[in-house]
Structures are given as C-alpha cells and as structure tokens.
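Heads up: the structure comes next, in structure tokens.
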Amino acid sequence: MMRFFKALGWFLIPFALAIFLFLLVEKDPGMVIITGKNLFTQKDFSLMMTLSGFFFSGLIFFVVGYVLLRFLFRVIGLPSFLKRSADLRSEKSASRKMSRAELAMLENKPDLAEALHLSAAKSSPNPSFCYIGAARAAQMQGKTEQRDQYLRAVETLSDTHNRLHAGIMMGELLNEWEAPEKAQTVLERIRKEKGDHHRILVALAKSYEKQGLYDQLYQIMPALHKSLPKDERLAIEPELYVTLIDHIGAEHNGNKLKALWEVIPNNIKVTPSVVVNYAEKLLYAGNVSDAEEALRYSLKKEWNDLVITAYGHLYTGDFKTYIKHAKQFAHQHPDSAYAALAVARLYYQTKQLEEALTALQQALAIDDQIPEVHHLLAEILLEQGEFEKSALAFREAGRLSYAKPSAELLQVEGELLSPQAAHLPEKVEGDVTEADVTESK
C-alpha cells in the first residue's frame with residue numbers, strides 16, 4: 001500500500017507543478033529588481049524581471065551551478081575529502097559513546113550502556129564491537145533473548161576485518177555466561193574460516209570442557225599446544241590435561257591413563273598439578289610402580305615441594321625403594337624441609353618410628369613453621385605413649401594450620417581453595433532518556 005501511495009505521489013507532482021506555474025504566470029503580482037555592483041568592473045548594475053521569470057532563472061541557475069560543482073568536485077576530489085571529514089567526525093562521536101557505555105557498565109547502569117552501544121553502532125567503523133557491548137549490557141540485565149539477538153546481528157555486519165576478534169570475544173563471553181553450546185557453534189565456525197588461532201582453540205577447549213565433551217577436548221589438544229605461544233602454554237594446558245586425567249582416571253584403567261600420558265608434552269608432564277593428579281589416579285587404578293616412576297621422573301627434571309610431598313604420601317608398594325629415592329632427594333636438596341618430611345612419612349608408613357623422628361628433626365631444623373611436620377610428630381609421639389608431648393605437637397600443628405595453611409598438602413589431598421566469584425547485579429531498574437544517549441555527540 002505504501003508503495004502505491006509513493007508512486008501516486010510521484011505521478012501527481014508534475015501536474016501539481018504545472019498548475020502552480022500556470023497560476024503564478026497568470027496572476028503575476030509584480031516585478032523583481034536586483035541591484036548590486038559588478039566585482040570585476042566595479043560598476044553598479046540593476047536587473048529587472050517578473051516574479052515568474054525570477055523563479056525560472058533561479059531554477060536554471062541552481063541546475064547549472066549543481067552541474068558545474070559536480071564537475072569540479074569530480075576533478076579535484078572535494079566530495080571525498082568532505083566524506084572523509086564527515087566519517088571522521090562520526091567515528092569520534094561513536095568512540096565517545098562507546099567510552100561512555102563502558103563507564104556506564106562500571107557504574108552499574110547496563111540499560112544506559114546498552115542504548116549507548118546501539119547508538120554508536122550506527123556510525124562506528126567497528127559495529128561488531130558495539131553490538132557485543134550491547135550484548136554484555138543485556139546480559140547484566142538478564143535479557144538473554146536480546147543478548148542473543150545482538151550476537152546474531154554481528155554475523156550480518158560488513159566489518160569483516162573484525163570477524164576474527166569479534167568471534168573470539170563472543171565465544172569467550174558465551175563460555176563465561178555458561179552457554180558453552182552456543183560458544184562451540186560460534187567458535188567452530190570461526191575456526192573453519194580463520195584457522196587454528198590460539199585464542200579460538202583455548203575458548204573452544206573451554207566449551208568442550210564445560211560440556212563434558214572429553215573426546216573432542218582430547219582431539220583438539222595437539223593443535224592447541226602447537227598454536228599457543230611458548231610463554232602461555234604452562235598457564236593454559238595443565239588445567240585441561242588435569243580434566244582429561246580426571247575423566248579417564250574415573251574408569252580406574254591404568255592402560256588408558258598411560259596412553260594419555262604418552263601424548264602429553266614433556267614440559268607439561270613435570271607440572272606439579274598434572275603429575276600429582278596422574279600419579280594419584282594410577283594408584284587408584286593399581287599401577288603403583290608407574291605412579292612412583294612418574295613422580296620420581298618429575299622430581300629429577302624439575303624440583304618441586306608439592307611433588308616430593310606427594311611422593312611421601314605413597315601408601316603401598318616397595319617402601320624400601322621409596323625411602324632410598326626419598327633420601328637421595330633429601331640429600332640433593334638439603335634446604336627443603338618437605339624432602340625431609342617425605343622421608344619421615346615413608347619411615348612412618350613402615351613403622352620405623354625412630355628413623356622417622358630423626359628425619360622430622362632435620363625438617364624442623366630447616367623450617368619449623370610447616371604444620372604437617374608437627375602433625376606427623378604428634379602422631380609418632382602418640383604411638384610411643386608420649387601423650388603430653390603429642391598434645392603439644394597437635395596444638396602447634398593446629399595453630400600453624402590456622403595461621404598459615406599448607407597449600408601444597410591441601411592440593412595433594414584433593415582439597416581445592418577457590419575464592420568466591422564476585423557477581424554484578426543481574427538487573428538495574430531505571431529508564432534511559434534520549435538525552436543520555438545523545439549527550440556525547
């Protein structure tokens with residue numbers, strides 16, 4: 001219907017213009033006199049014409065001037081300059097709006113931030129990031145449908161130069177928002193288009209981990225290791241391999257665990273969290289010698305108090321050999337109280353209490369602030385019938401544990417210490433006025 005009225009309007013314009021000109025010429029109200037001074041000859045001049053002639057002359061002058069200017073602009077390129085200037089002003093305005101939107105997010109005003117991001121998207125050279133910002137604001141307000149609509153809009157935008165980074169940002173945010181299935185869809189599409197960028201693979205691995213897709217996670221790990229910068233590998237890969245070890249370890253299948261261990265890069269194998277978790281799962285699977293060998297290999301490659309503590313917690317197998325290796329490590333690292341503690345704990349496992357006490361004295365001489373040393377001392381004294389001394393040692397262990405808990409032993413025993421995540425309010429009430437959005441122009 002609108003197209004019909006529009007076509008009808010264009011059709012009636014010539015007739016209306018003809019009637020107007022007829023009436024104007026039929027009842028000419030008078031004359032128009034134009035006076036002035038010639039800029040070249042400096043002589044006065046006057047121009048007299050009828051009103052209808054004035055209108056016709058003005059129309060002719062406008063058409064001629066327009067054609068002349070278009071010709072000159074094409075020759076000297078002035079419209080391009082003006083367009084660039086206008087675009088630059090628009091970009092600056094969009095940049096100010098995006099800055100105000102980020103400030104509004106920090107001030108817990110997501111509704112204002114959403115409106116500012118949407119307004120900036122109209123003139124920004126990077127509208128993808130504007131829509132992603134609007135999606136973040138919608139997420140803060142709990143508007144998941146609106147959030148997904150903004151993210152879908154990114155796929156239709158023309159700023160293809162931002163497609164890689166926009167896709168990575170969307171995948172990371174969707175993982176953060178507990179929507180790993182949607183993150184997987186976005187990231188797999190971006191990976192197909194842009195290749196194995198390390199941030200794509202990291203976010204994709206996180207989405208697999210969150211969904212429990214362990215086969216896909218296992219398959220992506222070699223490509224992830226290859227794409228990661230060397231200085232970022234130890235910060236990302238160990239956590240993912242621990243997840244795979246936990247998954248396979250739940251089956252108590254030592255052969256599968258060792259098959260996984262073979263594909264883990266050597267520098268990741270000596271990471272304390274990885275090797276300790278691997279040894280623990282091997283012990284549960286009954287592969288005691290393999291667990292001891294993994295810990296010992298790691299200690300030879302890279303000394304770590306956490307790993308020697310785990311070595312001291314070996315609870316079955318050839319304790320004579322364990323003690324021999326532990327004493328060698330203690331001799332090689334005389335400044336490590338945890339090495340002496342590992343020797344003492346292994347002696348205690350075999351009920352060689354006097355030897356265990358000797359090793360504990362060595363540990364106390366190095367560092368008397370380790371609660372596990374006092375706790376083991378209390379247990380040995382209790383078995384020897386030294387009840388008062390045992391009580392004092394237990395009390396000291398409790399005091400040290402309260403004042404300075406041992407992160408190493410807590411991790412070996414499977415306890416996890418994680419800070420509470422801070423959450424911003426999901427929704428903020430309030431209206432956004434047009435003045436708030438246009439203020440930054």
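Letters A, B, ... mark the chains of the structure tokens in the order given; residue numbers begin at 1 per chain; ligand numbers begin at 1, in order shown.
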
Per DSSP on the backbone, filter range 134-303 of chain A down to the residues in helix (DSSP H, G or I) and report them as a VMD selection string. chain A and resid 134 to 140 144 to 154 160 to 176 180 to 194 198 to 211 214 to 227 230 to 249 254 to 263 266 to 269 272 to 285 288 to 301

Which neighbours of Lys320 in chain A fall inside 12 Å, counting only C-alpha atoms, when residues of the same chain fewer than 4 positions from it are skipped, and could you give them as a short mmCIF file (atom, residue, chain, number, x, y, z; two decimals) with N, CA, C and O atoms, in the first residue's frame?
```
data_model
loop_
_atom_site.label_atom_id
_atom_site.label_comp_id
_atom_site.auth_asym_id
_atom_site.auth_seq_id
_atom_site.Cartn_x
_atom_site.Cartn_y
_atom_site.Cartn_z
N LEU A 314 52.94 -41.87 49.14
CA LEU A 314 52.78 -43.20 48.57
C LEU A 314 52.45 -44.19 49.69
O LEU A 314 53.18 -44.28 50.67
N THR A 316 51.45 -47.61 49.29
CA THR A 316 51.57 -49.04 49.01
C THR A 316 52.73 -49.26 48.03
O THR A 316 53.12 -48.35 47.33
N LYS A 324 64.72 -45.10 49.81
CA LYS A 324 66.04 -44.90 49.21
C LYS A 324 66.02 -43.68 48.29
O LYS A 324 66.91 -42.80 48.37
N HIS A 325 65.03 -43.60 47.42
CA HIS A 325 64.95 -42.46 46.49
C HIS A 325 64.66 -41.17 47.25
O HIS A 325 65.23 -40.11 46.91
N ALA A 326 63.78 -41.22 48.25
CA ALA A 326 63.45 -40.02 49.01
C ALA A 326 64.67 -39.47 49.74
O ALA A 326 64.89 -38.25 49.80
N LYS A 327 65.50 -40.36 50.30
CA LYS A 327 66.71 -39.91 50.98
C LYS A 327 67.70 -39.31 49.99
O LYS A 327 68.41 -38.34 50.31
N VAL A 343 60.72 -38.24 53.65
CA VAL A 343 61.47 -39.38 54.20
C VAL A 343 60.82 -39.83 55.51
O VAL A 343 60.61 -41.04 55.74
N LEU A 346 57.51 -41.70 54.90
CA LEU A 346 57.70 -43.07 54.40
C LEU A 346 58.21 -44.00 55.51
O LEU A 346 57.80 -45.17 55.57
N TYR A 347 59.09 -43.50 56.37
CA TYR A 347 59.52 -44.32 57.51
C TYR A 347 58.32 -44.63 58.42
O TYR A 347 58.16 -45.74 58.93
N GLN A 349 55.22 -44.87 57.52
CA GLN A 349 54.36 -45.85 56.87
C GLN A 349 54.82 -47.28 57.19
O GLN A 349 54.00 -48.20 57.26
N THR A 350 56.13 -47.45 57.35
CA THR A 350 56.67 -48.79 57.66
C THR A 350 56.91 -48.98 59.16
O THR A 350 57.58 -49.95 59.56
N GLN A 352 58.83 -47.47 61.19
CA GLN A 352 60.20 -47.23 61.67
C GLN A 352 60.20 -45.86 62.33
O GLN A 352 60.67 -44.86 61.78
#
```

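Every protein, DNA or RNA residue with an atom at most 7 Å from Ala340 in chain A, where only C-alpha atoms count and chain neighbours fewer than 4 positions away do not, is listed here: Ala330, Ser336, Ala344, Ala359, Leu360, Gln362 and Ala363 of chain A.
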
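Ranking A:Phe71, A:Glu383, A:Lys300, A:Pro222 by their shortest atom-to-atom distance to Pro265 in chain A, with only C-alpha atoms included, puts A:Pro222 first.
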
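By chain and then residue number, the residues within 8 Å of Ser207 in chain A are Asn175, Pro180, Glu181, Ala183 and Gln184 of chain A, counting only C-alpha atoms and disregarding those fewer than 6 positions away in sequence.
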
Near-range 104-117 of chain A list (7 Å; only C-alpha atoms; drop same-chain fewer than 3 positions) as a VMD selection string: chain A and resid 97 to 98 100 to 101 120 to 121 130 to 131 133 to 134 137 to 138 140 to 141 428 432 437

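Closest to Tyr284 in chain A among A:Phe4, A:Tyr214, A:Tyr322, A:Tyr315 is A:Tyr315, based on only C-alpha atoms.
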